[in-house]
>>> print(open('work_18.csv').read())   # CSV, C-alpha atoms
chain,number,residue,atom,x,y,z
A,1,MET,CA,-23.5,5.3,-16.6
A,2,LYS,CA,-20.5,3.0,-16.5
A,3,LYS,CA,-19.5,1.9,-13.1
A,4,LEU,CA,-16.4,0.7,-11.2
A,5,ASP,CA,-16.2,-0.7,-7.7
A,6,PHE,CA,-13.1,0.7,-5.8
A,7,TRP,CA,-12.2,-1.7,-3.0
A,8,TYR,CA,-9.8,0.0,-0.6
A,9,GLU,CA,-8.3,-0.4,2.9
A,10,PHE,CA,-7.3,2.4,5.2
A,11,ALA,CA,-4.0,0.9,6.2
A,12,SER,CA,-3.0,0.3,2.6
A,13,THR,CA,-0.4,2.7,1.1
A,14,TYR,CA,-1.3,2.0,-2.5
A,15,SER,CA,-5.0,2.4,-1.8
A,16,TYR,CA,-4.0,5.9,-0.7
A,17,LEU,CA,-2.5,6.6,-4.1
A,18,ALA,CA,-5.5,5.3,-5.9
A,19,ALA,CA,-7.9,7.2,-3.6
A,20,MET,CA,-6.2,10.5,-4.4
A,21,ARG,CA,-6.4,10.1,-8.2
A,22,ILE,CA,-9.4,7.8,-9.0
A,23,GLU,CA,-12.1,10.5,-9.2
A,24,LEU,CA,-10.1,12.6,-11.7
A,25,LEU,CA,-9.4,9.7,-14.0
A,26,ALA,CA,-12.8,8.2,-13.7
A,27,GLY,CA,-14.5,11.5,-14.4
A,28,ALA,CA,-12.4,11.9,-17.5
A,29,ALA,CA,-13.4,8.4,-18.6
A,30,GLY,CA,-17.1,8.9,-17.8
A,31,VAL,CA,-17.1,6.1,-15.1
A,32,TYR,CA,-18.9,6.3,-11.8
A,33,VAL,CA,-16.9,5.0,-8.9
A,34,ASN,CA,-18.5,3.1,-6.0
A,35,TRP,CA,-16.1,3.4,-3.0
A,36,ARG,CA,-16.1,0.2,-1.0
A,37,PRO,CA,-13.9,0.1,2.2
A,38,PHE,CA,-13.0,-3.4,3.5
A,39,LEU,CA,-10.6,-5.0,6.0
A,40,LEU,CA,-7.5,-6.7,4.8
A,41,GLY,CA,-6.8,-8.4,8.2
A,42,PRO,CA,-9.1,-11.4,7.7
A,43,ILE,CA,-8.0,-11.7,4.1
A,44,PHE,CA,-4.3,-11.8,5.0
A,45,LYS,CA,-5.1,-14.3,7.8
A,46,ALA,CA,-6.9,-16.6,5.3
A,47,GLN,CA,-3.6,-16.6,3.3
A,48,GLY,CA,-1.6,-17.5,6.4
A,49,MET,CA,-0.3,-14.0,7.1
A,50,ASP,CA,-0.7,-12.3,10.5
A,51,THR,CA,0.4,-8.8,9.2
A,52,SER,CA,1.1,-6.9,6.0
A,53,PRO,CA,3.3,-8.7,3.5
A,54,PHE,CA,5.4,-5.5,3.7
A,55,ASN,CA,6.2,-6.4,7.2
A,56,LEU,CA,6.6,-10.1,6.6
A,57,PHE,CA,9.0,-9.5,3.7
A,58,PRO,CA,11.3,-6.7,4.9
A,59,LEU,CA,13.1,-6.1,1.6
A,60,LYS,CA,9.7,-5.7,-0.1
A,61,GLY,CA,8.6,-3.4,2.7
A,62,LYS,CA,11.8,-1.2,2.4
A,63,TYR,CA,11.2,-1.0,-1.3
A,64,MET,CA,7.5,0.0,-0.9
A,65,TRP,CA,8.4,2.9,1.4
A,66,ARG,CA,10.8,4.3,-1.2
A,67,ASP,CA,8.3,3.6,-4.0
A,68,MET,CA,5.7,5.6,-2.1
A,69,VAL,CA,8.0,8.7,-1.9
A,70,ARG,CA,8.7,8.5,-5.6
A,71,CYS,CA,5.0,7.8,-6.6
A,72,SER,CA,3.8,10.7,-4.4
A,73,GLU,CA,6.2,13.0,-6.2
A,74,ASP,CA,5.1,11.8,-9.6
A,75,LEU,CA,1.5,12.3,-8.7
A,76,LYS,CA,2.3,15.7,-7.3
A,77,LEU,CA,0.8,14.7,-3.9
A,78,PRO,CA,2.0,16.3,-0.7
A,79,LYS,CA,5.3,15.0,0.7
A,80,PHE,CA,4.8,11.4,1.8
A,81,LEU,CA,5.0,11.0,5.6
A,82,PRO,CA,3.9,7.6,6.9
A,83,PRO,CA,2.6,6.9,10.4
A,84,LYS,CA,5.0,5.3,13.0
A,85,THR,CA,2.9,2.1,13.2
A,86,PHE,CA,2.2,0.2,10.0
A,87,PRO,CA,-0.3,-1.2,9.2
A,88,ALA,CA,-2.6,1.1,11.2
A,89,ASN,CA,-5.7,-0.5,12.7
A,90,PRO,CA,-8.3,0.6,10.1
A,91,LEU,CA,-11.4,-0.6,12.0
A,92,ASN,CA,-12.7,2.8,13.4
A,93,ALA,CA,-12.0,4.7,10.2
A,94,SER,CA,-13.6,1.9,8.1
A,95,ARG,CA,-16.8,1.9,10.2
A,96,LEU,CA,-17.1,5.6,9.9
A,97,ALA,CA,-16.6,5.4,6.1
A,98,VAL,CA,-19.3,2.7,5.9
A,99,SER,CA,-21.6,4.9,7.9
A,100,PHE,CA,-21.4,7.6,5.2
A,101,GLU,CA,-22.7,7.2,1.6
A,102,GLY,CA,-21.7,8.7,-1.7
A,103,GLU,CA,-19.7,11.9,-1.8
A,104,PRO,CA,-19.4,12.2,2.0
A,105,ARG,CA,-17.7,8.7,2.1
A,106,LYS,CA,-15.3,9.7,-0.6
A,107,GLU,CA,-14.4,13.0,1.1
A,108,PHE,CA,-14.0,11.3,4.5
A,109,SER,CA,-11.8,8.6,3.0
A,110,ARG,CA,-9.4,11.0,1.3
A,111,ALA,CA,-9.1,13.0,4.5
A,112,VAL,CA,-8.2,9.9,6.5
A,113,TYR,CA,-5.6,9.0,3.9
A,114,SER,CA,-4.1,12.5,4.0
A,115,ALA,CA,-3.8,12.4,7.8
A,116,GLU,CA,-2.3,9.0,7.7
A,117,PHE,CA,0.2,9.3,4.8
A,118,THR,CA,1.0,13.0,4.6
A,119,GLU,CA,0.8,14.0,8.3
A,120,GLY,CA,1.9,10.7,9.8
A,121,LYS,CA,-1.1,10.5,12.0
A,122,ASP,CA,-2.5,7.4,13.7
A,123,ILE,CA,-5.9,6.8,12.2
A,124,SER,CA,-6.9,4.3,14.8
A,125,ASP,CA,-6.8,7.1,17.3
A,126,ARG,CA,-10.1,8.9,18.0
A,127,THR,CA,-8.3,12.2,18.3
A,128,THR,CA,-7.2,12.0,14.7
A,129,LEU,CA,-10.6,10.9,13.6
A,130,ARG,CA,-12.3,13.7,15.6
A,131,GLU,CA,-10.1,16.3,13.9
A,132,ILE,CA,-10.9,14.9,10.5
A,133,LEU,CA,-14.6,14.9,11.2
A,134,GLN,CA,-14.5,18.4,12.5
A,135,LYS,CA,-12.7,19.7,9.4
A,136,LEU,CA,-15.4,18.1,7.3
A,137,GLY,CA,-18.1,19.9,9.3
A,138,ARG,CA,-19.4,16.8,11.0
A,139,ASP,CA,-20.3,16.3,14.6
A,140,PRO,CA,-17.6,13.8,15.9
A,141,GLU,CA,-19.6,12.2,18.7
A,142,GLU,CA,-22.7,11.8,16.6
A,143,SER,CA,-20.5,10.2,13.9
A,144,PHE,CA,-18.8,7.9,16.3
A,145,ALA,CA,-22.2,6.8,17.7
A,146,LYS,CA,-23.6,6.1,14.3
A,147,ALA,CA,-20.4,4.2,13.2
A,148,SER,CA,-20.7,1.9,16.3
A,149,GLU,CA,-24.3,0.8,15.5
A,150,GLN,CA,-24.7,-2.9,14.7
A,151,PRO,CA,-25.9,-2.4,11.1
A,152,VAL,CA,-22.7,-0.5,10.3
A,153,LYS,CA,-20.5,-3.2,11.9
A,154,ASP,CA,-22.5,-5.9,10.0
A,155,LYS,CA,-22.1,-4.0,6.7
A,156,LEU,CA,-18.3,-3.7,7.0
A,157,ARG,CA,-18.1,-7.4,7.9
A,158,ALA,CA,-20.3,-8.3,4.9
A,159,GLU,CA,-18.2,-6.1,2.6
A,160,THR,CA,-15.0,-7.8,3.7
A,161,GLU,CA,-16.7,-11.2,3.1
A,162,GLU,CA,-17.8,-10.1,-0.4
A,163,ALA,CA,-14.2,-9.0,-1.1
A,164,GLN,CA,-13.0,-12.5,-0.2
A,165,LYS,CA,-15.6,-14.0,-2.5
A,166,LEU,CA,-14.3,-11.8,-5.3
A,167,GLY,CA,-10.9,-13.4,-4.9
A,168,ILE,CA,-9.4,-10.2,-3.4
A,169,PHE,CA,-6.0,-10.8,-1.7
A,170,GLY,CA,-4.6,-7.3,-1.3
A,171,ALA,CA,-5.6,-3.6,-1.9
A,172,PRO,CA,-6.6,-1.5,-3.7
A,173,ASN,CA,-8.8,-3.3,-6.2
A,174,PHE,CA,-11.0,-2.2,-9.0
A,175,VAL,CA,-13.9,-4.5,-10.1
A,176,THR,CA,-16.0,-3.9,-13.2
A,177,ALA,CA,-19.7,-4.7,-13.7
A,178,ASP,CA,-18.8,-8.0,-15.4
A,179,GLY,CA,-16.7,-9.1,-12.5
A,180,GLU,CA,-13.1,-8.4,-13.8
A,181,LEU,CA,-10.8,-7.9,-10.9
A,182,PHE,CA,-7.9,-5.4,-11.2
A,183,TRP,CA,-5.4,-5.3,-8.3
A,184,GLY,CA,-3.2,-2.4,-7.5
A,185,ASN,CA,-3.0,1.3,-8.1
A,186,ASP,CA,-1.1,0.6,-11.3
A,187,ARG,CA,-4.1,-1.1,-12.8
A,188,LEU,CA,-6.5,1.8,-12.4
A,189,GLU,CA,-6.2,3.0,-16.0
A,190,GLN,CA,-6.7,-0.6,-17.3
A,191,ALA,CA,-9.7,-1.1,-15.1
A,192,LEU,CA,-11.3,2.2,-16.3
A,193,ALA,CA,-10.7,1.2,-20.0
A,194,TRP,CA,-12.3,-2.2,-19.2
A,195,ALA,CA,-15.3,-0.5,-17.6
A,196,ASN,CA,-15.7,1.6,-20.7
A,197,LYS,CA,-15.4,-1.3,-23.1
A,198,ILE,CA,-18.1,-3.5,-21.6
B,1,MET,CA,24.5,7.7,-23.3
B,2,LYS,CA,22.0,7.3,-20.4
B,3,LYS,CA,21.9,3.7,-19.1
B,4,LEU,CA,19.5,1.4,-17.3
B,5,ASP,CA,20.2,-2.0,-15.9
B,6,PHE,CA,17.4,-4.5,-16.6
B,7,TRP,CA,17.5,-7.4,-14.1
B,8,TYR,CA,15.3,-10.2,-15.3
B,9,GLU,CA,14.6,-13.9,-14.5
B,10,PHE,CA,13.6,-16.4,-17.0
B,11,ALA,CA,10.8,-18.0,-15.0
B,12,SER,CA,9.3,-14.6,-14.2
B,13,THR,CA,6.1,-13.7,-16.0
B,14,TYR,CA,6.4,-10.0,-15.6
B,15,SER,CA,10.0,-10.1,-16.7
B,16,TYR,CA,8.6,-11.5,-19.9
B,17,LEU,CA,6.4,-8.5,-20.4
B,18,ALA,CA,9.2,-6.1,-19.7
B,19,ALA,CA,11.6,-7.9,-22.0
B,20,MET,CA,9.2,-7.6,-24.9
B,21,ARG,CA,8.7,-3.8,-24.6
B,22,ILE,CA,11.8,-2.4,-22.9
B,23,GLU,CA,13.9,-1.8,-26.1
B,24,LEU,CA,11.2,0.1,-27.8
B,25,LEU,CA,10.5,2.4,-24.9
B,26,ALA,CA,14.2,2.8,-24.0
B,27,GLY,CA,15.0,3.6,-27.6
B,28,ALA,CA,12.4,6.3,-27.6
B,29,ALA,CA,13.8,7.7,-24.4
B,30,GLY,CA,17.4,7.5,-25.6
B,31,VAL,CA,18.5,5.1,-22.8
B,32,TYR,CA,20.8,2.2,-23.3
B,33,VAL,CA,19.6,-1.0,-21.6
B,34,ASN,CA,22.0,-3.5,-20.0
B,35,TRP,CA,20.3,-6.9,-19.8
B,36,ARG,CA,21.3,-8.7,-16.6
B,37,PRO,CA,19.8,-12.2,-16.1
B,38,PHE,CA,19.8,-13.5,-12.5
B,39,LEU,CA,18.3,-16.3,-10.5
B,40,LEU,CA,15.3,-15.7,-8.1
B,41,GLY,CA,15.7,-19.0,-6.3
B,42,PRO,CA,18.4,-17.9,-3.8
B,43,ILE,CA,16.6,-14.6,-3.4
B,44,PHE,CA,13.3,-16.2,-2.6
B,45,LYS,CA,15.0,-18.7,-0.2
B,46,ALA,CA,16.7,-15.8,1.7
B,47,GLN,CA,13.2,-14.4,2.3
B,48,GLY,CA,12.0,-17.8,3.6
B,49,MET,CA,10.2,-18.9,0.4
B,50,ASP,CA,10.9,-22.2,-1.3
B,51,THR,CA,9.0,-21.3,-4.5
B,52,SER,CA,7.4,-18.4,-6.3
B,53,PRO,CA,5.0,-16.2,-4.2
B,54,PHE,CA,2.5,-16.9,-6.9
B,55,ASN,CA,2.5,-20.6,-5.9
B,56,LEU,CA,2.8,-19.9,-2.1
B,57,PHE,CA,-0.2,-17.5,-2.3
B,58,PRO,CA,-2.7,-19.2,-4.6
B,59,LEU,CA,-5.2,-16.3,-4.8
B,60,LYS,CA,-2.3,-14.0,-5.9
B,61,GLY,CA,-1.2,-16.7,-8.4
B,62,LYS,CA,-4.7,-17.1,-9.9
B,63,TYR,CA,-4.9,-13.3,-10.3
B,64,MET,CA,-1.5,-13.1,-11.9
B,65,TRP,CA,-2.4,-15.7,-14.6
B,66,ARG,CA,-5.5,-13.6,-15.5
B,67,ASP,CA,-3.5,-10.4,-15.4
B,68,MET,CA,-1.0,-11.8,-17.8
B,69,VAL,CA,-3.7,-12.6,-20.3
B,70,ARG,CA,-5.0,-9.1,-20.1
B,71,CYS,CA,-1.6,-7.4,-20.2
B,72,SER,CA,-0.5,-9.5,-23.1
B,73,GLU,CA,-3.6,-8.3,-25.0
B,74,ASP,CA,-3.0,-4.7,-24.0
B,75,LEU,CA,0.6,-4.9,-25.3
B,76,LYS,CA,-0.5,-6.6,-28.5
B,77,LEU,CA,1.7,-9.6,-27.7
B,78,PRO,CA,0.9,-13.1,-29.0
B,79,LYS,CA,-1.8,-15.0,-27.0
B,80,PHE,CA,-0.4,-15.8,-23.6
B,81,LEU,CA,0.2,-19.6,-23.2
B,82,PRO,CA,2.2,-20.5,-20.0
B,83,PRO,CA,4.1,-23.7,-19.5
B,84,LYS,CA,2.7,-26.6,-17.5
B,85,THR,CA,5.3,-26.2,-14.8
B,86,PHE,CA,5.7,-22.9,-13.0
B,87,PRO,CA,8.2,-21.6,-12.2
B,88,ALA,CA,10.4,-23.2,-14.8
B,89,ASN,CA,13.9,-24.0,-13.8
B,90,PRO,CA,15.8,-21.0,-15.4
B,91,LEU,CA,19.4,-22.3,-14.9
B,92,ASN,CA,20.2,-23.5,-18.4
B,93,ALA,CA,18.6,-20.6,-20.1
B,94,SER,CA,20.3,-18.1,-17.7
B,95,ARG,CA,23.8,-19.6,-18.3
B,96,LEU,CA,23.3,-19.4,-22.0
B,97,ALA,CA,22.1,-15.8,-21.8
B,98,VAL,CA,25.2,-14.9,-19.7
B,99,SER,CA,27.4,-16.6,-22.2
B,100,PHE,CA,26.2,-14.1,-24.9
B,101,GLU,CA,26.8,-10.4,-24.8
B,102,GLY,CA,25.0,-7.3,-26.0
B,103,GLU,CA,22.4,-7.8,-28.8
B,104,PRO,CA,22.8,-11.6,-29.0
B,105,ARG,CA,21.9,-11.8,-25.3
B,106,LYS,CA,18.8,-9.7,-25.8
B,107,GLU,CA,17.7,-11.6,-28.9
B,108,PHE,CA,18.2,-15.0,-27.1
B,109,SER,CA,16.3,-13.8,-24.0
B,110,ARG,CA,13.3,-12.7,-25.9
B,111,ALA,CA,13.2,-16.0,-27.8
B,112,VAL,CA,13.3,-17.9,-24.5
B,113,TYR,CA,10.4,-15.9,-23.2
B,114,SER,CA,8.4,-16.3,-26.3
B,115,ALA,CA,8.9,-20.1,-26.2
B,116,GLU,CA,8.0,-20.2,-22.5
B,117,PHE,CA,5.0,-17.8,-22.4
B,118,THR,CA,3.5,-17.9,-25.9
B,119,GLU,CA,4.2,-21.6,-26.8
B,120,GLY,CA,4.0,-23.1,-23.4
B,121,LYS,CA,7.4,-24.7,-23.7
B,122,ASP,CA,9.6,-26.0,-20.9
B,123,ILE,CA,12.7,-23.8,-21.0
B,124,SER,CA,14.7,-26.1,-18.7
B,125,ASP,CA,14.5,-28.7,-21.5
B,126,ARG,CA,17.5,-28.9,-23.8
B,127,THR,CA,15.2,-29.6,-26.7
B,128,THR,CA,13.5,-26.3,-26.3
B,129,LEU,CA,16.8,-24.4,-25.9
B,130,ARG,CA,18.2,-26.3,-28.9
B,131,GLU,CA,15.3,-25.2,-31.1
B,132,ILE,CA,15.7,-21.6,-30.0
B,133,LEU,CA,19.5,-21.6,-30.7
B,134,GLN,CA,19.0,-23.1,-34.1
B,135,LYS,CA,16.4,-20.5,-35.0
B,136,LEU,CA,18.9,-17.8,-34.0
B,137,GLY,CA,21.5,-19.4,-36.3
B,138,ARG,CA,23.7,-20.6,-33.4
B,139,ASP,CA,25.3,-24.0,-33.0
B,140,PRO,CA,23.4,-25.6,-30.1
B,141,GLU,CA,26.2,-28.0,-28.9
B,142,GLU,CA,28.8,-25.3,-29.1
B,143,SER,CA,26.5,-22.9,-27.2
B,144,PHE,CA,25.8,-25.5,-24.5
B,145,ALA,CA,29.5,-26.2,-24.1
B,146,LYS,CA,30.3,-22.6,-23.7
B,147,ALA,CA,27.4,-22.0,-21.3
B,148,SER,CA,28.7,-24.8,-19.0
B,149,GLU,CA,32.2,-23.4,-18.6
B,150,GLN,CA,33.2,-22.4,-15.1
B,151,PRO,CA,33.5,-18.6,-15.8
B,152,VAL,CA,29.9,-18.5,-17.1
B,153,LYS,CA,28.6,-20.3,-14.0
B,154,ASP,CA,30.6,-18.0,-11.8
B,155,LYS,CA,29.3,-14.9,-13.6
B,156,LEU,CA,25.7,-16.0,-13.1
B,157,ARG,CA,26.3,-16.6,-9.4
B,158,ALA,CA,28.0,-13.2,-9.1
B,159,GLU,CA,25.2,-11.5,-10.8
B,160,THR,CA,22.6,-13.1,-8.5
B,161,GLU,CA,24.7,-12.0,-5.5
B,162,GLU,CA,24.9,-8.5,-6.8
B,163,ALA,CA,21.1,-8.5,-7.3
B,164,GLN,CA,20.8,-9.4,-3.6
B,165,LYS,CA,23.2,-6.6,-2.6
B,166,LEU,CA,21.0,-4.2,-4.5
B,167,GLY,CA,18.0,-5.1,-2.4
B,168,ILE,CA,16.3,-7.0,-5.2
B,169,PHE,CA,13.5,-9.3,-3.9
B,170,GLY,CA,11.6,-10.1,-7.1
B,171,ALA,CA,11.6,-9.5,-10.9
B,172,PRO,CA,11.9,-7.7,-13.1
B,173,ASN,CA,13.9,-4.7,-11.8
B,174,PHE,CA,15.3,-1.6,-13.4
B,175,VAL,CA,18.3,0.1,-11.7
B,176,THR,CA,19.5,3.5,-12.7
B,177,ALA,CA,23.2,4.7,-12.7
B,178,ASP,CA,22.6,6.4,-9.3
B,179,GLY,CA,21.3,3.2,-7.8
B,180,GLU,CA,17.6,3.7,-7.8
B,181,LEU,CA,15.7,0.4,-7.8
B,182,PHE,CA,12.4,0.1,-9.7
B,183,TRP,CA,10.6,-3.2,-9.3
B,184,GLY,CA,8.0,-4.6,-11.7
B,185,ASN,CA,7.1,-4.2,-15.3
B,186,ASP,CA,4.7,-1.4,-14.3
B,187,ARG,CA,7.7,0.7,-13.2
B,188,LEU,CA,9.5,0.7,-16.5
B,189,GLU,CA,8.3,4.1,-17.6
B,190,GLN,CA,9.2,5.7,-14.3
B,191,ALA,CA,12.7,4.1,-14.4
B,192,LEU,CA,13.3,5.4,-17.9
B,193,ALA,CA,12.2,8.9,-16.8
B,194,TRP,CA,14.6,8.7,-13.8
B,195,ALA,CA,17.5,7.5,-16.0
B,196,ASN,CA,16.9,10.5,-18.2
B,197,LYS,CA,16.6,13.0,-15.3
B,198,ILE,CA,20.0,12.1,-13.6
>>> encode(input="work_18.csv", output="structure tokens")
Amino acid sequence: MKKLDFWYEFASTYSYLAAMRIELLAGAAGVYVNWRPFLLGPIFKAQGMDTSPFNLFPLKGKYMWRDMVRCSEDLKLPKFLPPKTFPANPLNASRLAVSFEGEPRKEFSRAVYSAEFTEGKDISDRTTLREILQKLGRDPEESFAKASEQPVKDKLRAETEEAQKLGIFGAPNFVTADGELFWGNDRLEQALAWANKI
Amino acid sequence: MKKLDFWYEFASTYSYLAAMRIELLAGAAGVYVNWRPFLLGPIFKAQGMDTSPFNLFPLKGKYMWRDMVRCSEDLKLPKFLPPKTFPANPLNASRLAVSFEGEPRKEFSRAVYSAEFTEGKDISDRTTLREILQKLGRDPEESFAKASEQPVKDKLRAETEEAQKLGIFGAPNFVTADGELFWGNDRLEQALAWANKI
């Protein structure tokens, strides 16, 4: 089966949009999606940025918040409601996501995004994550324990390093089996077409 | 008739893509497009940038050049061939564009973009602009003289100031009659839908 790597970051607004629509589009295109969470922090730092470009460039940030409202409406997602702190610290959610595989990772990731961008919750907060895990029928303390094991931490670090090697500079990204990098939720359709062509 | 303002910059790669497809899409949507050239230089400076973000952030720049090749193919445009110097100084081309109105401005602008991004020509060079004007059946020296008149210079400066007032931070942009700002070639369809809805 054709395959597409979906590189996403939990603080990233446009990763949220991609996460909510990628399975439907990929399913229709007959493409399997491999969800790969990573951290933008080290990637922004390597480019000389100590926070999101949406904070560093306020006009761009202001536009992005408006764009998210419009795009959420267009995609018929719930009303967009961002958290008070942006970008959220994605570390805890990312380690949890890495500790799951396949469908459970996808399900968990979408639930994190919904809490963050439709309920305005702080996803760095264990209370938020606990609620999400409970709703998914998982034992929160057991999940937290597993997510803090060294192999999980190492895996997330290795994934972030691989993202850097791929030339990734933002999120979300879609990477095809032949190494083509597509950046941004707006490139999802193009990436799926590419995955199907090769 | 419904109306959409198209704010574009001659050095901007994604403005080129928008310029080559906007009339076809707008025509199908029954929307009149008002082409408004402006200068990004002062707008980048106000954000603390002394050149294009694609130069300031090399990974993003490298990605953009690859994206342009792919997007040009997808849009069935001629093979993408950028100029040696990026961003090109857009001042002369912008003043010429401002000195024309309506269809002649659109025709001239598309010809400038084609020379810049499919022939790799330097659009700050009078030789390039002279060739373009000749091909369009215009007298180059007469056009240059008109473009260097004070009202034309003032008009371009005023347009750039209005772009700043609208919150514009990059290019291209589409602005609807009710003041909604859509940034980027990828938002053209959404902007046309909005223009039709209001």
>>> closest_atom_pairs(input="work_18.csv", of="chain A", to="chain B", cutoff="10 Å", atoms="all atoms listed in the file", output="Markdown table")
| residue | atom | partner | partner_atom | distance |
| --- | --- | --- | --- | --- |
| A:Gln47 | CA | B:Phe57 | CA | 6.6 |
| A:Gly48 | CA | B:Phe57 | CA | 8.8 |
| A:Leu56 | CA | B:Gln47 | CA | 9.0 |
| A:Phe57 | CA | B:Gln47 | CA | 6.6 |
| A:Pro58 | CA | B:Gln47 | CA | 8.3 |
| A:Leu59 | CA | B:Phe169 | CA | 6.4 |
| A:Lys60 | CA | B:Phe169 | CA | 6.5 |
| A:Lys62 | CA | B:Gly167 | CA | 8.8 |
| A:Tyr63 | CA | B:Gly167 | CA | 8.0 |
| A:Met64 | CA | B:Trp183 | CA | 9.5 |
| A:Arg66 | CA | B:Leu181 | CA | 9.1 |
| A:Asp67 | CA | B:Phe182 | CA | 7.8 |
| A:Arg70 | CA | B:Gln190 | CA | 9.2 |
| A:Cys71 | CA | B:Gln190 | CA | 9.0 |
| A:Asp74 | CA | B:Gln190 | CA | 8.7 |
| A:Gln164 | CA | B:Leu59 | CA | 9.8 |
| A:Gly167 | CA | B:Leu59 | CA | 6.4 |
| A:Ile168 | CA | B:Leu59 | CA | 7.5 |
| A:Phe169 | CA | B:Leu59 | CA | 6.4 |
| A:Gly170 | CA | B:Lys60 | CA | 8.4 |
| A:Glu180 | CA | B:Arg66 | CA | 9.4 |
| A:Leu181 | CA | B:Tyr63 | CA | 8.0 |
| A:Phe182 | CA | B:Asp67 | CA | 7.9 |
| A:Trp183 | CA | B:Tyr63 | CA | 8.3 |
| A:Asp186 | CA | B:Asp186 | CA | 6.8 |
| A:Arg187 | CA | B:Asp186 | CA | 8.9 |
| A:Gln190 | CA | B:Asp74 | CA | 8.7 |
>>> residues_near_point(input="work_18.csv", point="(11.3, -3.1, -24.4)", cutoff="12 Å", atoms="only C-alpha atoms", output="number ranges by chain")
B: 4, 6, 15-29, 31-35, 75, 106-107, 109-110, 174, 185, 188-189, 192
>>> closest_residue(input="work_18.csv", among="B:Lys135, B:Val152, B:Asp178, B:Ala171", to="Glu101 (chain B)", atoms="only C-alpha atoms")
B:Val152
>>> atom_distance(input="work_18.csv", atom1="CA of Glu159 (chain B)", atom2="CA of Arg138 (chain B)")
24.4 Å
>>> atom_distance(input="work_18.csv", atom1="CA of Leu129 (chain B)", atom2="CA of Lys45 (chain B)")
26.4 Å
>>> atom_distance(input="work_18.csv", atom1="CA of Ala46 (chain B)", atom2="CA of Trp7 (chain B)")
17.9 Å
>>> residues_near_point(input="work_18.csv", point="(23.3, -15.2, -26.9)", cutoff="12 Å", atoms="all atoms listed in the file", output="ChimeraX atom specification")
/B:35,37,93-112,129,132-140,142-144,146-147
>>> residues_around(input="work_18.csv", residues="Met68 (chain A)", least_positions_apart="4", cutoff="8 Å", atoms="only C-alpha atoms", output="number ranges by chain")
A: 13-14, 64, 72, 80
>>> write_last_selection(input="work_18.csv", atoms="C-alpha atoms", output="mmCIF file, keeping the file's coordinate frame")
data_model
loop_
_atom_site.group_PDB
_atom_site.id
_atom_site.type_symbol
_atom_site.label_atom_id
_atom_site.label_comp_id
_atom_site.auth_asym_id
_atom_site.auth_seq_id
_atom_site.Cartn_x
_atom_site.Cartn_y
_atom_site.Cartn_z
ATOM 1 C CA THR A 13 -0.400 2.700 1.100
ATOM 2 C CA TYR A 14 -1.300 2.000 -2.500
ATOM 3 C CA MET A 64 7.500 0.000 -0.900
ATOM 4 C CA SER A 72 3.800 10.700 -4.400
ATOM 5 C CA PHE A 80 4.800 11.400 1.800
#
>>> closest_residue(input="work_18.csv", among="B:Lys84, B:Arg157, B:Lys197, B:Lys121", to="Gly41 (chain B)", atoms="all atoms listed in the file")
B:Arg157
>>> residues_around(input="work_18.csv", residues="Ser52 (chain A)", least_positions_apart="6", cutoff="10 Å", atoms="all atoms listed in the file", output="JSON, numbers by chain")
{"A": [11, 12, 40, 41, 44, 45, 61, 86, 87, 170]}
>>> residues_around(input="work_18.csv", residues="Leu81 (chain A)", least_positions_apart="6", cutoff="9 Å", atoms="only C-alpha atoms", output="number ranges by chain")
A: 69, 116-121
>>> closest_residue(input="work_18.csv", among="A:Asp5, A:Lys155, A:Gly30, A:Glu161", to="Ala193 (chain A)", atoms="only C-alpha atoms")
A:Gly30
>>> closest_residue(input="work_18.csv", among="A:Asp50, A:Asp125, A:Glu141, A:Glu73", to="Asn89 (chain A)", atoms="only C-alpha atoms")
A:Asp125
